[in-house]
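Novice: Here you go, one structure.
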Amino acid sequence: MAAAAMLYLLAFLLHCLPVAMGQYDICKSWVTTDDGPSWEFYACQPKAMRMKDYVTVRVDPAGITCGDPPERFCTHENPYLCSDECDASNPDLAHPPKLMFDNEDEGLATYWQSVTWRRYPEPLLANITLSWNKSIELTDDIVITFEYGRPTIMMLEKSLDNGRTWHPYQYYADDCMEAFSMPARRVRDLSTTSANRVLCTEEYSRWAGSKKEKNVRFEVRDRFAIFAGPDLKNTDNLYTRLESAKGLKDFFTITDLRMRLLRPALGGTYVQRENLYKYFYAVSNIEVTGRCKCNLHANLCTFKEGSLQCECEHNTTGQDCGKCKKNFRSRSWRAGSYLPLPNGSPNACAAAGSAFGNCECYGHSNRCSYIDFLNVVTCVSCKHNTRGQHCQHCRLGFYRNSSAELDDENVCIECNCNQIGSMHDRCNETGYCECREGATGPKCDDCLPNYYWRQGCFPNVCDDELLLCQNGGTCYQNQRCICAMGFKGILCEQSRCEADKKDCDGVPSLHSSLSTLLLGVLTLQLCGWVDL
């Protein structure tokens with residue numbers, strides 16, 4: 001009773017985990033029903049993390065990175081003191097792209113830097129492309145940190161197909177109408193119906209001094225706040241809108257980002273052609289916070305073989321959990337849903353041939369049946385030696401193959417218990433049978449020490465350690481002692497003189513001894529102890 005109570009308490013605690021840990025943190029919990037324990041599924045998603053730790057970066061066009069050949073540059077604060085140098089062959093003076101993602105020492109910024117605008121009036125153009133080879137969902141602002149001034153014109157683009165096609169994400173300019181023929185707008189002025197609008201902003205492009213304002217943002221939080229409030233506390237409304245508003249969820253989904261730098265910082269003036277060494281781009285950091293997009297079918301995402309991979313649940317598979325596993329394709333794949341709150345809908349893939357969308361037989365049954373008085377749907381005629389409401393257990397006489405998935409035809413292995421040495425044909429979850437007294441081994445087909453096998457395990461009559469044949473007797477296959485003349489007993493421990501006085505008067509005749517021996521052998525043969 002106590003064990004049963006503990007199991008029910010554990011099932012209750014597991015059922016409560018989604019509420020205790022926050023929304024969409026776990027994919028399933030082990031619950032106990034009238035038909036036995038089973039999995040209960042929930043919509044789930046991985047936690048947010050720093051995506052720059054998993055990114056690959058490309059800068060183009062070729063030759064846009066400074067240092068090859070070496071060149072000097074100056075700053076807007078000291079435009080005529082051009083004592084700084086960029087030299088790709090010197091690690092202390094080089095500014096490669098990887099410095100946009102390194103861990104910087106205290107007070108010392110490291111940065112990628114472009115060539116200077118020495119070819120003015122030809123535009124100074126640079127593209128910085130970030131790729132993840134994986135769909136990710138933004139959860140916080142994208143923050144790009146520039147050294148020596150933010151660009152006066154740039155744009156941010158996104159791709160949803162690993163860079164095959166690109167779409168505008170946001171425009172940045174000191175004069176939006178002049179640069180892009182668009183009026184300047186702020187994200188916080190957008191409404192619930194325009195939260196995914198692409199706009200142009202002037203907030204991050206006007207000259208404010210290189211040491212004061214360095215960051216350019218793509219405001220994810222401000223767009224979330226349109227639905228969740230300024231403190232982002234009304235997450236239920238945000239999740240509801242992400243699920244119901246057309247295109248909103250995809251707006252925050254990317255596989256690649258591209259920054260198109262179109263005009264460098266000018267220092268608040270027009271281009272001074274006599275000193276073009278103070279015009280260039282320098283990026284010290286790019287922060288991208290998001291989570292792996294797993295279509296609400298996984299709560300873990302790991303970095304494997306050079307790319308991020310969802311650890312898929314709900315019988316789904318693929319890098320984004322974007323398709324059903326083999327034998328779970330009875331209906332079209334569907335992404336999970338944030339609705340209904342608070343646990344959402346897992347929309348788990350169902351077993352092939354299932355008549356009910358919410359009944360999973362793991363490919364071991366083609367039919368389901370509704371049991372009215374229990375109000376449950378159960379699998380019918382489970383195959384492959386499985387049983388249970390979802391064909392999730394093994395039949396008696398079989399045990400779970402730990403190296404096989406639950407939908408594998410070989411998921412259940414026969415116990416093969418020895419019919420004589422075991423109590424019955426059932427085994428435990430590791431394949432070990434329940435042995436009779438004296439028997440041992442996984443299949444009960446061997447004997448313990450001090451036992452011998454003869455159509456079962458029997459205690460040794462004699463051996464060479466504890467049960468020694470006495471008075472010169474020899475042990476025959478641990479089954480009996482063959483005694484020397486003048487002795488008898490199980491261990492030859494008795495003198496024949498004590499039992500039969502007439503044998504004490506002299507040595508028994510040869511005829512008598514041979515008769516006794518032949519009689520003994522005949523007795524053993526009749527009893528099945530020896531084979532002649």
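FYI, nothing fancy with the structure tokens labels: chains A, B, ... in order, residues from 1 per chain, ligands from 1 as they appear.
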Which residues in range 276-435 of chain A does DSSP call strand (DSSP E)? List them as a VMD selection string.
Specialist: chain A and resid 282 to 287 289 to 292 301 to 304 307 to 310 316 to 317 323 to 324 367 to 371 376 to 380 386 to 387 393 to 394 398 to 400 412 to 414 422 to 427 433 to 435
Novice: Enumerate as a CSV table (one decimal) with N, CA, C and O atoms, in the first residue's frame all residues of range 70-302 of chain A assigned to alpha helix (DSSP H) by DSSP on the backbone, naming them with the chain letters and numbers the document uses.
Specialist:
chain,number,residue,atom,x,y,z
A,176,CYS,N,15.3,58.6,-43.0
A,176,CYS,CA,14.6,57.5,-43.6
A,176,CYS,C,14.0,57.8,-44.9
A,176,CYS,O,14.1,57.0,-45.9
A,177,MET,N,13.5,59.0,-45.1
A,177,MET,CA,12.8,59.4,-46.3
A,177,MET,C,13.8,59.5,-47.4
A,177,MET,O,13.6,59.1,-48.6
A,178,GLU,N,15.0,60.1,-47.1
A,178,GLU,CA,16.0,60.3,-48.1
A,178,GLU,C,16.7,59.0,-48.5
A,178,GLU,O,16.9,58.7,-49.6
A,179,ALA,N,16.9,58.1,-47.5
A,179,ALA,CA,17.6,56.9,-47.7
A,179,ALA,C,16.8,55.8,-48.3
A,179,ALA,O,17.2,55.1,-49.2
A,180,PHE,N,15.5,55.6,-47.8
A,180,PHE,CA,14.7,54.5,-48.2
A,180,PHE,C,13.3,54.9,-48.7
A,180,PHE,O,12.5,54.0,-48.9
A,220,VAL,N,12.9,43.4,-30.3
A,220,VAL,CA,12.0,42.3,-30.1
A,220,VAL,C,11.1,42.5,-28.9
A,220,VAL,O,9.9,42.3,-29.0
A,221,ARG,N,11.7,43.0,-27.8
A,221,ARG,CA,10.9,43.1,-26.6
A,221,ARG,C,9.8,44.2,-26.8
A,221,ARG,O,8.7,44.0,-26.2
A,222,ASP,N,10.1,45.2,-27.5
A,222,ASP,CA,9.0,46.3,-27.7
A,222,ASP,C,7.9,45.7,-28.5
A,222,ASP,O,6.7,46.1,-28.3
A,223,ARG,N,8.2,44.8,-29.4
A,223,ARG,CA,7.1,44.2,-30.2
A,223,ARG,C,6.3,43.2,-29.3
A,223,ARG,O,5.1,43.1,-29.4
A,224,PHE,N,7.0,42.5,-28.5
A,224,PHE,CA,6.3,41.6,-27.5
A,224,PHE,C,5.4,42.4,-26.6
A,224,PHE,O,4.3,42.0,-26.2
A,225,ALA,N,5.9,43.6,-26.2
A,225,ALA,CA,5.2,44.4,-25.2
A,225,ALA,C,3.9,44.9,-25.7
A,225,ALA,O,3.0,45.2,-24.9
A,226,ILE,N,3.7,44.9,-27.0
A,226,ILE,CA,2.4,45.3,-27.6
A,226,ILE,C,1.3,44.4,-27.1
A,226,ILE,O,0.2,44.8,-26.9
A,227,PHE,N,1.7,43.1,-26.9
A,227,PHE,CA,0.7,42.1,-26.4
A,227,PHE,C,0.8,41.8,-24.9
A,227,PHE,O,-0.2,41.6,-24.2
A,228,ALA,N,2.1,41.8,-24.4
A,228,ALA,CA,2.3,41.3,-23.0
A,228,ALA,C,2.4,42.5,-22.0
A,228,ALA,O,2.6,42.2,-20.9
A,235,THR,N,2.1,37.2,-20.4
A,235,THR,CA,2.6,36.2,-21.4
A,235,THR,C,1.5,35.4,-22.0
A,235,THR,O,1.6,34.9,-23.1
A,236,ASP,N,0.4,35.2,-21.2
A,236,ASP,CA,-0.7,34.4,-21.8
A,236,ASP,C,-1.2,35.0,-23.1
A,236,ASP,O,-1.5,34.4,-24.1
A,237,ASN,N,-1.4,36.4,-23.0
A,237,ASN,CA,-1.9,37.1,-24.2
A,237,ASN,C,-0.9,37.0,-25.3
A,237,ASN,O,-1.2,36.9,-26.5
A,238,LEU,N,0.4,37.1,-25.0
A,238,LEU,CA,1.5,37.0,-26.0
A,238,LEU,C,1.4,35.7,-26.7
A,238,LEU,O,1.5,35.6,-27.9
A,239,TYR,N,1.4,34.6,-25.9
A,239,TYR,CA,1.3,33.3,-26.5
A,239,TYR,C,0.1,33.1,-27.4
A,239,TYR,O,0.1,32.4,-28.4
A,240,THR,N,-1.0,33.6,-26.9
A,240,THR,CA,-2.3,33.5,-27.6
A,240,THR,C,-2.2,34.2,-29.0
A,240,THR,O,-2.6,33.7,-30.0
A,241,ARG,N,-1.6,35.4,-29.0
A,241,ARG,CA,-1.4,36.2,-30.2
A,241,ARG,C,-0.4,35.5,-31.1
A,241,ARG,O,-0.6,35.5,-32.4
A,242,LEU,N,0.7,34.9,-30.6
A,242,LEU,CA,1.7,34.3,-31.4
A,242,LEU,C,1.0,33.1,-32.2
A,242,LEU,O,1.4,32.7,-33.3
A,243,GLU,N,0.1,32.5,-31.5
A,243,GLU,CA,-0.6,31.3,-32.1
A,243,GLU,C,-1.7,31.7,-33.1
A,243,GLU,O,-1.9,31.0,-34.1
A,244,SER,N,-2.4,32.8,-32.8
A,244,SER,CA,-3.6,33.1,-33.6
A,244,SER,C,-3.3,34.2,-34.7
A,244,SER,O,-4.0,34.2,-35.7
A,248,LEU,N,2.7,36.2,-37.3
A,248,LEU,CA,3.4,36.8,-36.2
A,248,LEU,C,4.6,35.9,-35.7
A,248,LEU,O,5.7,36.3,-35.4
A,249,LYS,N,4.3,34.6,-35.5
A,249,LYS,CA,5.3,33.7,-35.0
A,249,LYS,C,6.5,33.6,-36.0
A,249,LYS,O,7.6,33.6,-35.6
A,250,ASP,N,6.1,33.5,-37.3
A,250,ASP,CA,7.2,33.5,-38.3
A,250,ASP,C,8.0,34.7,-38.4
A,250,ASP,O,9.2,34.7,-38.8
A,251,PHE,N,7.4,35.9,-38.0
A,251,PHE,CA,8.2,37.1,-38.0
A,251,PHE,C,9.4,37.1,-37.1
A,251,PHE,O,10.4,37.7,-37.4
Novice: Which of these residues is nearest to Cys475 in chain A, using only C-alpha atoms: A:Ile413, A:Thr65, A:Leu491, A:Trp132?
Specialist: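 So, comparing all the options, the nearest one is A:Leu491.
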Novice: So that I can check the surroundings of range 166-173 of chain A, please list as a count of residues only every protein, DNA and RNA residue that reaches within 8 Å of it, counting only C-alpha atoms and ignoring chain neighbours fewer than 4 positions away.
Specialist: 22
Novice: Could you list, as JSON, numbers by chain, every residue within 12 Å of Asn103 in chain A, counting only C-alpha atoms and ignoring same-chain residues fewer than 3 positions away?
Specialist: {"A": [52, 53, 98, 99, 100, 106, 107, 108, 109, 110, 111, 284, 285, 286, 287]}
Novice: If we count only C-alpha atoms and set the cut-off at 10 Å, which residues sit around Ile420 in chain A, ignoring sequence neighbours fewer than 4 positions away in its own chain? Please answer as a PyMOL selection string.
Specialist: chain A and resi 424+435-436+439+444-445+455-457
Novice: Generate a file of the selected residues that holds N, CA, C and O atoms, formatted as a CSV table (one decimal), in the first residue's frame.
Specialist:
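Saved file out_16.csv follows:
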chain,number,residue,atom,x,y,z
A,424,HIS,N,8.7,-20.1,-13.6
A,424,HIS,CA,7.7,-19.9,-14.7
A,424,HIS,C,8.5,-19.4,-15.9
A,424,HIS,O,9.7,-19.2,-15.9
A,435,CYS,N,14.4,-18.3,-10.6
A,435,CYS,CA,14.9,-19.6,-10.6
A,435,CYS,C,14.4,-20.4,-9.4
A,435,CYS,O,14.1,-19.9,-8.3
A,436,ARG,N,14.4,-21.7,-9.6
A,436,ARG,CA,14.1,-22.7,-8.5
A,436,ARG,C,15.3,-22.8,-7.6
A,436,ARG,O,16.4,-22.3,-8.0
A,439,ALA,N,19.1,-23.4,-8.7
A,439,ALA,CA,19.4,-23.0,-10.1
A,439,ALA,C,19.8,-21.5,-10.1
A,439,ALA,O,19.5,-20.7,-9.2
A,444,CYS,N,18.2,-19.5,-15.8
A,444,CYS,CA,18.0,-20.5,-14.8
A,444,CYS,C,18.5,-21.9,-15.3
A,444,CYS,O,17.9,-22.9,-15.0
A,445,ASP,N,19.5,-21.9,-16.2
A,445,ASP,CA,19.9,-23.1,-16.8
A,445,ASP,C,21.3,-23.5,-16.3
A,445,ASP,O,22.0,-24.3,-16.9
A,455,GLN,N,18.5,-32.8,-15.0
A,455,GLN,CA,17.1,-32.4,-15.2
A,455,GLN,C,16.6,-31.6,-14.0
A,455,GLN,O,15.6,-31.9,-13.4
A,456,GLY,N,17.4,-30.6,-13.7
A,456,GLY,CA,17.2,-29.8,-12.5
A,456,GLY,C,18.4,-29.7,-11.7
A,456,GLY,O,19.4,-30.4,-11.9
A,457,CYS,N,18.4,-28.8,-10.7
A,457,CYS,CA,19.6,-28.7,-9.8
A,457,CYS,C,19.3,-29.4,-8.5
A,457,CYS,O,18.3,-29.2,-7.8
Novice: Between CA of Asp175 in chain A and CA of Thr116 in chain A, measure the distance and give it in Å to one decimal.
Specialist: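 That distance, rounded to one decimal, is 22.9 Å.
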Novice: For each of A:Ser29, A:Thr430, A:Ser38, A:Pro183, take the minimum atom-to-atom distance to Gln392 in chain A, counting only C-alpha atoms, then give the residue where this is smallest.
Specialist: A:Ser38
Novice: For Lys214 in chain A, list every protein, DNA or RNA residue within 10 Å, evaluated using only C-alpha atoms, and leave out those in the same chain fewer than 2 positions away; present the list as JSON, numbers by chain.
Specialist: {"A": [143, 144, 145, 146, 147, 148, 149, 150, 151, 204, 205, 208, 209, 210, 211, 212, 216, 283, 284]}
Novice: Find the residue from A:Leu93, A:Leu448, A:Met423, A:Cys86 that sits nearest to Val115 in chain A; use only C-alpha atoms when measuring.
Specialist: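 Using only C-alpha atoms, Val115 in chain A sits closest to A:Cys86.
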Novice: Name all residues at most 7 Å from range 340-348 of chain A (count only C-alpha atoms; drop same-chain ones fewer than 2 positions away) and give them as a VMD selection string.
Specialist: chain A and resid 23 to 24 41 to 43 297 314 to 315 334 to 338 350
